[in-house]
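A.B. asks: What follows is the file input-v8.txt, containing compact mmCIF, C-alpha atoms:
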# COMPACT_ATOMS: atom_id res chain seq x y z
CA MET A 245 162.87 -70.55 -199.14
CA THR A 246 159.10 -71.07 -199.53
CA ALA A 247 159.13 -74.11 -197.22
CA PHE A 248 161.11 -72.16 -194.63
CA THR A 249 158.66 -69.23 -194.65
CA ILE A 250 155.73 -71.66 -194.31
CA LEU A 251 157.42 -73.19 -191.27
CA ILE A 252 157.76 -69.70 -189.78
CA VAL A 253 154.04 -69.08 -190.28
CA ILE A 254 153.18 -72.45 -188.70
CA ALA A 255 155.44 -71.82 -185.72
CA SER A 256 154.28 -68.25 -185.13
CA THR A 257 150.61 -69.18 -185.57
CA SER A 258 150.97 -72.04 -183.10
CA ALA A 259 152.57 -69.64 -180.64
CA LEU A 260 149.82 -67.13 -181.39
CA VAL A 261 147.07 -69.64 -180.54
CA TRP A 262 148.87 -70.40 -177.27
CA ALA A 263 149.19 -66.67 -176.55
CA VAL A 264 145.51 -65.89 -177.10
CA THR A 265 144.38 -68.87 -175.01
CA THR A 266 146.59 -67.68 -172.14
CA ASP A 267 145.69 -64.01 -172.73
CA SER A 268 149.37 -63.19 -173.21
CA THR A 269 150.33 -59.63 -174.15
CA ILE A 270 152.66 -60.91 -176.88
CA ALA A 271 149.72 -62.16 -178.98
CA ARG A 272 149.55 -58.86 -180.91
CA TRP A 273 153.15 -59.14 -182.07
CA LEU A 274 152.96 -62.86 -182.83
CA LYS A 275 149.96 -62.14 -185.02
CA MET A 276 151.93 -59.67 -187.10
CA VAL A 277 154.82 -62.14 -187.43
CA SER A 278 152.39 -64.69 -188.88
CA SER A 279 150.83 -62.09 -191.15
CA SER A 280 154.23 -60.96 -192.40
CA GLY A 281 154.92 -64.63 -192.99
CA PHE A 282 152.17 -65.10 -195.57
CA LEU A 283 153.51 -62.08 -197.47
CA ALA A 284 156.94 -63.72 -197.45
CA VAL A 285 155.42 -67.00 -198.70
CA ALA A 286 153.86 -65.21 -201.68
CA LEU A 287 157.08 -63.39 -202.53
CA SER A 288 159.19 -66.55 -202.26
CA ALA A 289 156.64 -68.40 -204.43
CA GLY A 290 157.13 -65.85 -207.22
CA ALA A 291 154.21 -63.47 -206.73
CA ALA A 292 156.09 -60.56 -208.29
CA SER A 293 156.60 -62.41 -211.58
CA SER A 294 152.97 -62.52 -212.79
CA SER A 295 150.01 -60.18 -212.91
CA TYR A 296 147.91 -62.63 -210.89
CA GLY A 297 150.69 -62.93 -208.32
CA ARG A 298 150.99 -59.17 -207.96
CA ILE A 299 147.24 -58.83 -207.40
CA VAL A 300 147.37 -61.55 -204.75
CA LEU A 301 150.25 -59.69 -203.14
CA VAL A 302 148.04 -56.59 -202.90
CA ALA A 303 145.27 -58.69 -201.31
CA LEU A 304 147.71 -60.12 -198.80
CA GLY A 305 149.04 -56.64 -198.02
CA LEU A 306 145.53 -55.39 -197.30
CA SER A 307 144.96 -58.42 -195.09
CA TRP A 308 148.18 -57.59 -193.25
CA LEU A 309 146.84 -54.07 -192.65
CA GLY A 310 143.53 -55.51 -191.46
CA ASP A 311 145.34 -57.79 -189.04
CA LEU A 312 147.26 -54.84 -187.65
CA LEU A 313 144.11 -52.79 -187.12
CA LEU A 314 142.29 -55.69 -185.48
CA THR A 315 144.99 -56.01 -182.85
CA PHE A 316 143.38 -52.93 -181.27
CA GLU A 317 140.10 -53.10 -179.43
CA SER A 318 138.42 -49.84 -180.47
CA ARG A 319 135.36 -49.65 -182.69
CA ARG A 320 137.24 -47.39 -185.11
CA ALA A 321 140.05 -49.91 -185.44
CA PHE A 322 137.52 -52.71 -186.01
CA LEU A 323 135.82 -50.73 -188.79
CA GLY A 324 139.20 -49.92 -190.32
CA GLY A 325 140.13 -53.59 -190.24
CA LEU A 326 136.78 -54.49 -191.79
CA VAL A 327 137.41 -52.07 -194.67
CA ALA A 328 140.96 -53.36 -195.17
CA PHE A 329 139.76 -56.96 -195.40
CA LEU A 330 136.86 -55.97 -197.63
CA LEU A 331 139.32 -54.35 -200.05
CA GLY A 332 141.51 -57.43 -199.74
CA HIS A 333 138.60 -59.61 -200.86
CA VAL A 334 138.00 -57.24 -203.76
CA ALA A 335 141.65 -57.63 -204.76
CA TYR A 336 141.42 -61.42 -204.55
CA SER A 337 138.27 -61.29 -206.69
CA VAL A 338 140.05 -59.22 -209.33
CA GLY A 339 142.88 -61.74 -209.31
CA PHE A 340 140.52 -64.69 -209.76
CA VAL A 341 138.79 -62.92 -212.67
CA THR A 342 142.11 -62.81 -214.51
CA LEU A 343 142.19 -66.61 -214.50
CA ARG A 344 140.26 -68.93 -216.77
CA ALA A 345 136.69 -69.30 -215.49
CA ASP A 346 134.29 -72.23 -215.78
CA PRO A 347 130.65 -71.01 -216.14
CA ILE A 348 129.10 -74.14 -214.62
CA SER A 349 131.34 -73.92 -211.56
CA LEU A 350 130.45 -70.25 -211.20
CA VAL A 351 126.70 -70.91 -211.28
CA MET A 352 126.87 -73.82 -208.85
CA ALA A 353 129.07 -71.87 -206.46
CA ALA A 354 126.78 -68.82 -206.68
CA LEU A 355 123.73 -70.88 -205.71
CA ALA A 356 125.50 -72.55 -202.78
CA VAL A 357 127.13 -69.37 -201.47
CA ALA A 358 123.88 -67.38 -201.78
CA ILE A 359 122.16 -69.88 -199.48
CA ILE A 360 125.05 -69.92 -197.02
CA GLY A 361 125.35 -66.13 -197.05
CA GLY A 362 121.63 -65.80 -196.33
CA LEU A 363 121.93 -68.17 -193.37
CA VAL A 364 124.91 -66.22 -192.04
CA TRP A 365 122.90 -63.00 -192.25
CA LEU A 366 119.97 -64.56 -190.37
CA TRP A 367 122.42 -65.70 -187.69
CA LEU A 368 124.18 -62.36 -187.31
CA SER A 369 121.44 -59.79 -187.90
CA PRO A 370 119.92 -59.88 -184.39
CA HIS A 371 123.31 -59.11 -182.84
CA ILE A 372 124.95 -56.39 -184.96
CA GLY A 373 123.00 -53.25 -183.99
CA ASP A 374 123.98 -50.26 -186.13
CA MET A 375 126.66 -52.27 -187.99
CA LYS A 376 124.17 -53.68 -190.50
CA ILE A 377 125.48 -51.82 -193.57
CA PRO A 378 129.19 -52.69 -193.15
CA VAL A 379 128.37 -56.29 -192.20
CA VAL A 380 126.07 -56.75 -195.22
CA ALA A 381 128.74 -55.23 -197.48
CA TYR A 382 131.37 -57.55 -196.05
CA ILE A 383 129.22 -60.67 -196.43
CA ALA A 384 128.46 -59.70 -200.03
CA VAL A 385 132.08 -59.05 -200.96
CA ILE A 386 133.54 -62.19 -199.36
CA SER A 387 130.72 -64.24 -200.93
CA VAL A 388 131.62 -62.92 -204.38
CA MET A 389 135.26 -63.73 -203.69
CA VAL A 390 134.41 -67.35 -202.80
CA ILE A 391 132.18 -67.71 -205.87
CA LEU A 392 134.91 -66.43 -208.18
CA ALA A 393 137.43 -68.72 -206.47
CA PHE A 394 135.30 -71.75 -207.31
CA GLY A 395 134.78 -70.31 -210.77
CA THR A 396 138.46 -70.95 -211.48
CA ILE A 397 137.78 -74.69 -211.43
CA ASP A 398 138.42 -76.29 -214.83
CA GLY A 399 140.52 -79.08 -216.25
CA ALA A 400 143.71 -77.57 -214.83
CA THR A 401 142.35 -76.39 -211.53
CA ASN A 402 144.58 -74.78 -208.94
CA TRP A 403 142.68 -76.21 -205.96
CA LEU A 404 144.61 -73.98 -203.59
CA ILE A 405 142.33 -71.12 -204.65
CA PRO A 406 138.85 -72.50 -203.80
CA ILE A 407 140.13 -74.26 -200.68
CA GLY A 408 141.90 -71.12 -199.48
CA ALA A 409 138.87 -68.94 -200.16
CA THR A 410 136.56 -71.34 -198.32
CA LEU A 411 138.81 -71.48 -195.26
CA PHE A 412 138.98 -67.67 -195.29
CA PHE A 413 135.17 -67.51 -195.27
CA VAL A 414 134.92 -69.97 -192.38
CA SER A 415 137.60 -68.16 -190.37
CA ASP A 416 135.64 -64.92 -190.73
CA LEU A 417 132.61 -66.63 -189.20
CA PHE A 418 134.65 -67.06 -186.03
CA VAL A 419 135.66 -63.38 -186.15
CA ALA A 420 131.98 -62.43 -186.44
CA ARG A 421 130.99 -64.81 -183.67
CA ASN A 422 133.64 -63.37 -181.39
CA ARG A 423 132.70 -59.76 -182.15
CA PHE A 424 128.91 -59.97 -182.22
CA VAL A 425 127.52 -63.24 -180.87
CA ALA A 426 129.60 -65.10 -178.28
CA PRO A 427 133.05 -63.68 -177.49
CA GLY A 428 135.52 -66.24 -176.26
CA ILE A 429 138.89 -67.87 -176.64
CA MET A 430 137.47 -70.71 -178.74
CA ASN A 431 136.74 -68.35 -181.62
CA ARG A 432 140.37 -67.30 -181.92
CA SER A 433 141.72 -70.78 -181.18
CA LEU A 434 139.81 -72.18 -184.16
CA GLY A 435 139.62 -69.12 -186.39
CA LEU A 436 143.29 -68.14 -186.41
CA PRO A 437 144.68 -71.46 -187.73
CA LEU A 438 141.97 -71.50 -190.42
CA TYR A 439 142.76 -67.92 -191.39
CA TYR A 440 146.51 -68.39 -191.70
CA THR A 441 146.09 -71.68 -193.55
CA ALA A 442 143.80 -69.87 -196.01
CA GLN A 443 146.26 -67.05 -196.58
CA VAL A 444 149.21 -69.42 -197.05
CA LEU A 445 147.24 -71.49 -199.60
CA LEU A 446 146.25 -68.37 -201.53
CA ALA A 447 149.83 -67.12 -201.35
CA LEU A 448 151.07 -70.45 -202.73
CA SER A 449 148.53 -70.30 -205.57
CA VAL A 450 150.75 -67.71 -207.31
CA ALA A 451 153.29 -70.44 -208.06
CA THR A 452 150.96 -72.30 -210.44
I need this file expressed as structure tokens, please.
C.D. replies:
Amino acid sequence: MTAFTILIVIASTSALVWAVTTDSTIARWLKMVSSSGFLAVALSAGAASSSYGRIVLVALGLSWLGDLLLTFESRRAFLGGLVAFLLGHVAYSVGFVTLRADPISLVMAALAVAIIGGLVWLWLSPHIGDMKIPVVAYIAVISVMVILAFGTIDGATNWLIPIGATLFFVSDLFVARNRFVAPGIMNRSLGLPLYYTAQVLLALSVAT
């Protein structure tokens, strides 16, 4: 069942990339098929059977809501989507905290992510106008999520977690670029596959 749901996500995401590159009106609905797919992956992988899995399920549900809101073009919908994803990252962070943490990995990740987050802020700040507070909050929250994801690294590491979190971070850079810096099809063509790969990996992490 898990393999089948992953295939659905791959197929719908591939169709979604085609739809956004051709400016097709079905892109909105294909996006929600893909987003529903990563929820199905988590459920079929056993998310409901553990506390970590249930927290990840909440994070995926908030991401699903964010995806829905971002299918609309209004500023209000964008802010709503931003809040939904921010809360999703908080949920992921809570889930990662419930796992065994390695202090050295946490410190190293914190140093690296702090530098990267600072560079992202320098890149975005000239373009975001009056959105500074929500953008800063979002950068901070997703950075903490990535740090905690790498903090789960130990002798029995579930590598799906840090890889998934990193791909999520990178995919959001394309969202930011499209919204604030240089709108274009390339952002969605690259960002969407990264985003759905990230969510599927995090969904699969509940199995181990």
A.B. asks: Return the single residue from A:Gln443, A:Ser415, A:Ser318, A:Ser449 that is closest to Ala291 (chain A), with distances computed using all atoms listed in the file.
C.D. replies: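 Of A:Gln443, A:Ser415, A:Ser318, A:Ser449, the one nearest Ala291 (chain A) is A:Ser449, counting all atoms listed in the file.
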A.B. asks: Output as JSON the centre and edge lengths (Å, one decimal) of the box along x, y and z of the file that holds every listed atom of region 333-347 of chain A after adding 8 Å on each side.
C.D. replies:
{"center_x": 136.8, "center_y": -64.7, "center_z": -208.8, "size_x": 28.2, "size_y": 31.0, "size_z": 31.9}
A.B. asks: Could you state the separation of CA of Met430 (chain A) and CA of Trp262 (chain A) in Å, given to one decimal place?
C.D. replies: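 Rounded to one decimal, the two atoms are 11.5 Å apart.
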A.B. asks: What's the 12 Å shell around region 274-276 of chain A, counting only C-alpha atoms, without same-chain residues fewer than 6 positions away, as JSON, numbers by chain?
C.D. replies: {"A": [252, 253, 254, 255, 256, 257, 258, 259, 260, 261, 262, 263, 264, 268, 282, 283, 305, 307, 308, 309, 310, 311, 312, 313, 314, 315, 316, 432, 436, 437, 439, 440]}
A.B. asks: Suppose you want the space between CA of Ile405 (chain A) and CA of Leu446 (chain A); what is it in Å?
C.D. replies: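 Value for the CA of Ile405 (chain A)-CA of Leu446 (chain A) distance: 5.7 Å.
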A.B. asks: To one decimal place in Å, what is the distance between CA of Gly339 (chain A) and CA of Leu411 (chain A)?
C.D. replies: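 Computing the Euclidean distance for CA of Gly339 (chain A) and CA of Leu411 (chain A) yields 17.6 Å.
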A.B. asks: With only C-alpha atoms as the counted atoms, please give the residues lying no more than 10 Å from Ala384 (chain A), apart from itself and same-chain residues fewer than 4 positions off, as number ranges by chain.
C.D. replies: A: 330, 357-358, 361-362, 378-380, 388-389
A.B. asks: Nearest to Arg423 (chain A): which of A:Ile270, A:Leu323, A:Val277, A:Leu306 is it, counting all atoms listed in the file?
C.D. replies: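 Looking only at the distances to Arg423 (chain A), the closest residue turns out to be A:Leu323.
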A.B. asks: Counting all atoms listed in the file, figure out which residue out of A:Leu304, A:Ile383, A:Gly325, A:Ile397 gets nearest to Ala442 (chain A).
C.D. replies: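 Nearest to Ala442 (chain A): A:Leu304.
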A.B. asks: Asn431 (chain A): which residues within 7 Å, counting all atoms listed in the file, same-chain residues fewer than 2 positions away excluded, as a JSON list (two decimals) with C-alpha atoms, in the coordinates of the input?
C.D. replies:
[["chain", "number", "residue", "atom", "x", "y", "z"],
["A", 418, "PHE", "CA", 134.65, -67.06, -186.03],
["A", 419, "VAL", "CA", 135.66, -63.38, -186.15],
["A", 422, "ASN", "CA", 133.64, -63.37, -181.39],
["A", 428, "GLY", "CA", 135.52, -66.24, -176.26],
["A", 429, "ILE", "CA", 138.89, -67.87, -176.64],
["A", 433, "SER", "CA", 141.72, -70.78, -181.18],
["A", 434, "LEU", "CA", 139.81, -72.18, -184.16],
["A", 435, "GLY", "CA", 139.62, -69.12, -186.39]]
A.B. asks: Write out, as a tab-separated table, each residue of region 367-430 of chain A that has an atom at most 9 Å from region 345-355 of chain A, together with the closest pair of atoms and their distance in Å to one decimal, counting all atoms listed in the file, rows going by chain and rising number.
C.D. replies:
residue	atom	partner	partner_atom	distance
A:Ser387	CA	A:Ala354	CA	8.3
A:Val388	CA	A:Ala354	CA	8.0
A:Val390	CA	A:Ala353	CA	7.9
A:Ile391	CA	A:Ala353	CA	5.2
A:Leu392	CA	A:Leu350	CA	6.6
A:Ala393	CA	A:Leu350	CA	8.6
A:Phe394	CA	A:Ser349	CA	6.2
A:Gly395	CA	A:Leu350	CA	4.4
A:Thr396	CA	A:Ala345	CA	4.7
A:Ile397	CA	A:Asp346	CA	6.1
A:Asp398	CA	A:Asp346	CA	5.9
A.B. asks: Identify which of the residues A:Val364, A:Val450, A:Leu331, A:Val444 lies closest to Gly281 (chain A), counting only C-alpha atoms when measuring atom-to-atom distances.
C.D. replies: A:Val444
A.B. asks: Applying 10 Å and all atoms listed in the file, which residues near Ser293 (chain A) remain after dropping the ones on its own chain fewer than 4 positions away? List them as a PDB file with C-alpha atoms, in the coordinates of the input.
C.D. replies:
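Wrote selection-v4.pdb, looks like this:
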ATOM      1  CA  LEU A 287     157.080 -63.390-202.530  1.00  0.00           C
ATOM      2  CA  ALA A 289     156.640 -68.400-204.430  1.00  0.00           C
ATOM      3  CA  GLY A 297     150.690 -62.930-208.320  1.00  0.00           C
ATOM      4  CA  ARG A 298     150.990 -59.170-207.960  1.00  0.00           C
ATOM      5  CA  VAL A 450     150.750 -67.710-207.310  1.00  0.00           C
ATOM      6  CA  ALA A 451     153.290 -70.440-208.060  1.00  0.00           C
TER       7      ALA A 451
END
A.B. asks: Which residues are close to Ala335 (chain A), i.e. within 6 Å by only C-alpha atoms, leaving aside same-chain residues fewer than 3 positions away? Reply as an NGL selection string.
C.D. replies: :A and (303 or 332 or 338)
A.B. asks: Under the rule of at most 8 Å, produce a per-residue listing of region 399-437 of chain A near region 365-372 of chain A: chain, number, name, the closest pair of atoms, and the distance in Å, as a tab-separated table, using all atoms listed in the file.
C.D. replies:
residue	atom	partner	partner_atom	distance
A:Ala420	CA	A:Leu368	CA	7.8
A:Phe424	CA	A:His371	CA	5.7
A:Val425	CA	A:His371	CA	6.2
A.B. asks: Working from the structure I just supplied, which lacks atoms in region 304-324 of chain A, can you model N, CA and C atoms there and output them as a PDB file, in the frame of the given file?
C.D. replies:
ATOM      1  N   LEU A 304     147.036 -59.714-200.033  1.00  0.00           N
ATOM      2  CA  LEU A 304     147.710 -60.120-198.800  1.00  0.00           C
ATOM      3  C   LEU A 304     148.177 -58.901-197.999  1.00  0.00           C
ATOM      4  N   GLY A 305     148.634 -57.864-198.705  1.00  0.00           N
ATOM      5  CA  GLY A 305     149.040 -56.640-198.020  1.00  0.00           C
ATOM      6  C   GLY A 305     147.884 -55.965-197.313  1.00  0.00           C
ATOM      7  N   LEU A 306     146.712 -55.954-197.945  1.00  0.00           N
ATOM      8  CA  LEU A 306     145.530 -55.390-197.300  1.00  0.00           C
ATOM      9  C   LEU A 306     145.099 -56.237-196.109  1.00  0.00           C
ATOM     10  N   SER A 307     145.252 -57.540-196.225  1.00  0.00           N
ATOM     11  CA  SER A 307     144.960 -58.420-195.090  1.00  0.00           C
ATOM     12  C   SER A 307     145.917 -58.145-193.937  1.00  0.00           C
ATOM     13  N   TRP A 308     147.187 -57.926-194.271  1.00  0.00           N
ATOM     14  CA  TRP A 308     148.180 -57.590-193.250  1.00  0.00           C
ATOM     15  C   TRP A 308     147.767 -56.322-192.500  1.00  0.00           C
ATOM     16  N   LEU A 309     147.306 -55.317-193.267  1.00  0.00           N
ATOM     17  CA  LEU A 309     146.840 -54.070-192.650  1.00  0.00           C
ATOM     18  C   LEU A 309     145.621 -54.337-191.773  1.00  0.00           C
ATOM     19  N   GLY A 310     144.695 -55.164-192.255  1.00  0.00           N
ATOM     20  CA  GLY A 310     143.530 -55.510-191.460  1.00  0.00           C
ATOM     21  C   GLY A 310     143.904 -56.203-190.168  1.00  0.00           C
ATOM     22  N   ASP A 311     144.874 -57.109-190.248  1.00  0.00           N
ATOM     23  CA  ASP A 311     145.340 -57.790-189.040  1.00  0.00           C
ATOM     24  C   ASP A 311     145.917 -56.796-188.034  1.00  0.00           C
ATOM     25  N   LEU A 312     146.675 -55.844-188.536  1.00  0.00           N
ATOM     26  CA  LEU A 312     147.260 -54.840-187.650  1.00  0.00           C
ATOM     27  C   LEU A 312     146.168 -54.040-186.950  1.00  0.00           C
ATOM     28  N   LEU A 313     145.179 -53.597-187.707  1.00  0.00           N
ATOM     29  CA  LEU A 313     144.110 -52.790-187.120  1.00  0.00           C
ATOM     30  C   LEU A 313     143.291 -53.589-186.105  1.00  0.00           C
ATOM     31  N   LEU A 314     143.098 -54.869-186.377  1.00  0.00           N
ATOM     32  CA  LEU A 314     142.290 -55.690-185.480  1.00  0.00           C
ATOM     33  C   LEU A 314     143.030 -56.110-184.212  1.00  0.00           C
ATOM     34  N   THR A 315     144.303 -55.755-184.123  1.00  0.00           N
ATOM     35  CA  THR A 315     144.990 -56.010-182.850  1.00  0.00           C
ATOM     36  C   THR A 315     144.564 -54.998-181.787  1.00  0.00           C
ATOM     37  N   PHE A 316     143.876 -53.933-182.204  1.00  0.00           N
ATOM     38  CA  PHE A 316     143.380 -52.930-181.270  1.00  0.00           C
ATOM     39  C   PHE A 316     141.899 -53.176-181.007  1.00  0.00           C
ATOM     40  N   GLU A 317     141.431 -52.744-179.881  1.00  0.00           N
ATOM     41  CA  GLU A 317     140.100 -53.100-179.430  1.00  0.00           C
ATOM     42  C   GLU A 317     139.017 -52.069-179.752  1.00  0.00           C
ATOM     43  N   SER A 318     139.395 -50.910-180.268  1.00  0.00           N
ATOM     44  CA  SER A 318     138.420 -49.840-180.470  1.00  0.00           C
ATOM     45  C   SER A 318     137.488 -50.137-181.636  1.00  0.00           C
ATOM     46  N   ARG A 319     136.330 -49.505-181.605  1.00  0.00           N
ATOM     47  CA  ARG A 319     135.360 -49.650-182.690  1.00  0.00           C
ATOM     48  C   ARG A 319     135.924 -49.101-183.999  1.00  0.00           C
ATOM     49  N   ARG A 320     136.656 -47.985-183.907  1.00  0.00           N
ATOM     50  CA  ARG A 320     137.240 -47.390-185.110  1.00  0.00           C
ATOM     51  C   ARG A 320     138.260 -48.331-185.748  1.00  0.00           C
ATOM     52  N   ALA A 321     139.066 -48.963-184.913  1.00  0.00           N
ATOM     53  CA  ALA A 321     140.050 -49.910-185.440  1.00  0.00           C
ATOM     54  C   ALA A 321     139.348 -51.109-186.075  1.00  0.00           C
ATOM     55  N   PHE A 322     138.261 -51.578-185.450  1.00  0.00           N
ATOM     56  CA  PHE A 322     137.520 -52.710-186.010  1.00  0.00           C
ATOM     57  C   PHE A 322     136.955 -52.349-187.384  1.00  0.00           C
ATOM     58  N   LEU A 323     136.369 -51.154-187.505  1.00  0.00           N
ATOM     59  CA  LEU A 323     135.820 -50.730-188.790  1.00  0.00           C
ATOM     60  C   LEU A 323     136.927 -50.578-189.833  1.00  0.00           C
ATOM     61  N   GLY A 324     138.074 -50.043-189.403  1.00  0.00           N
ATOM     62  CA  GLY A 324     139.200 -49.920-190.320  1.00  0.00           C
ATOM     63  C   GLY A 324     139.677 -51.281-190.801  1.00  0.00           C
TER      64      GLY A 324
END
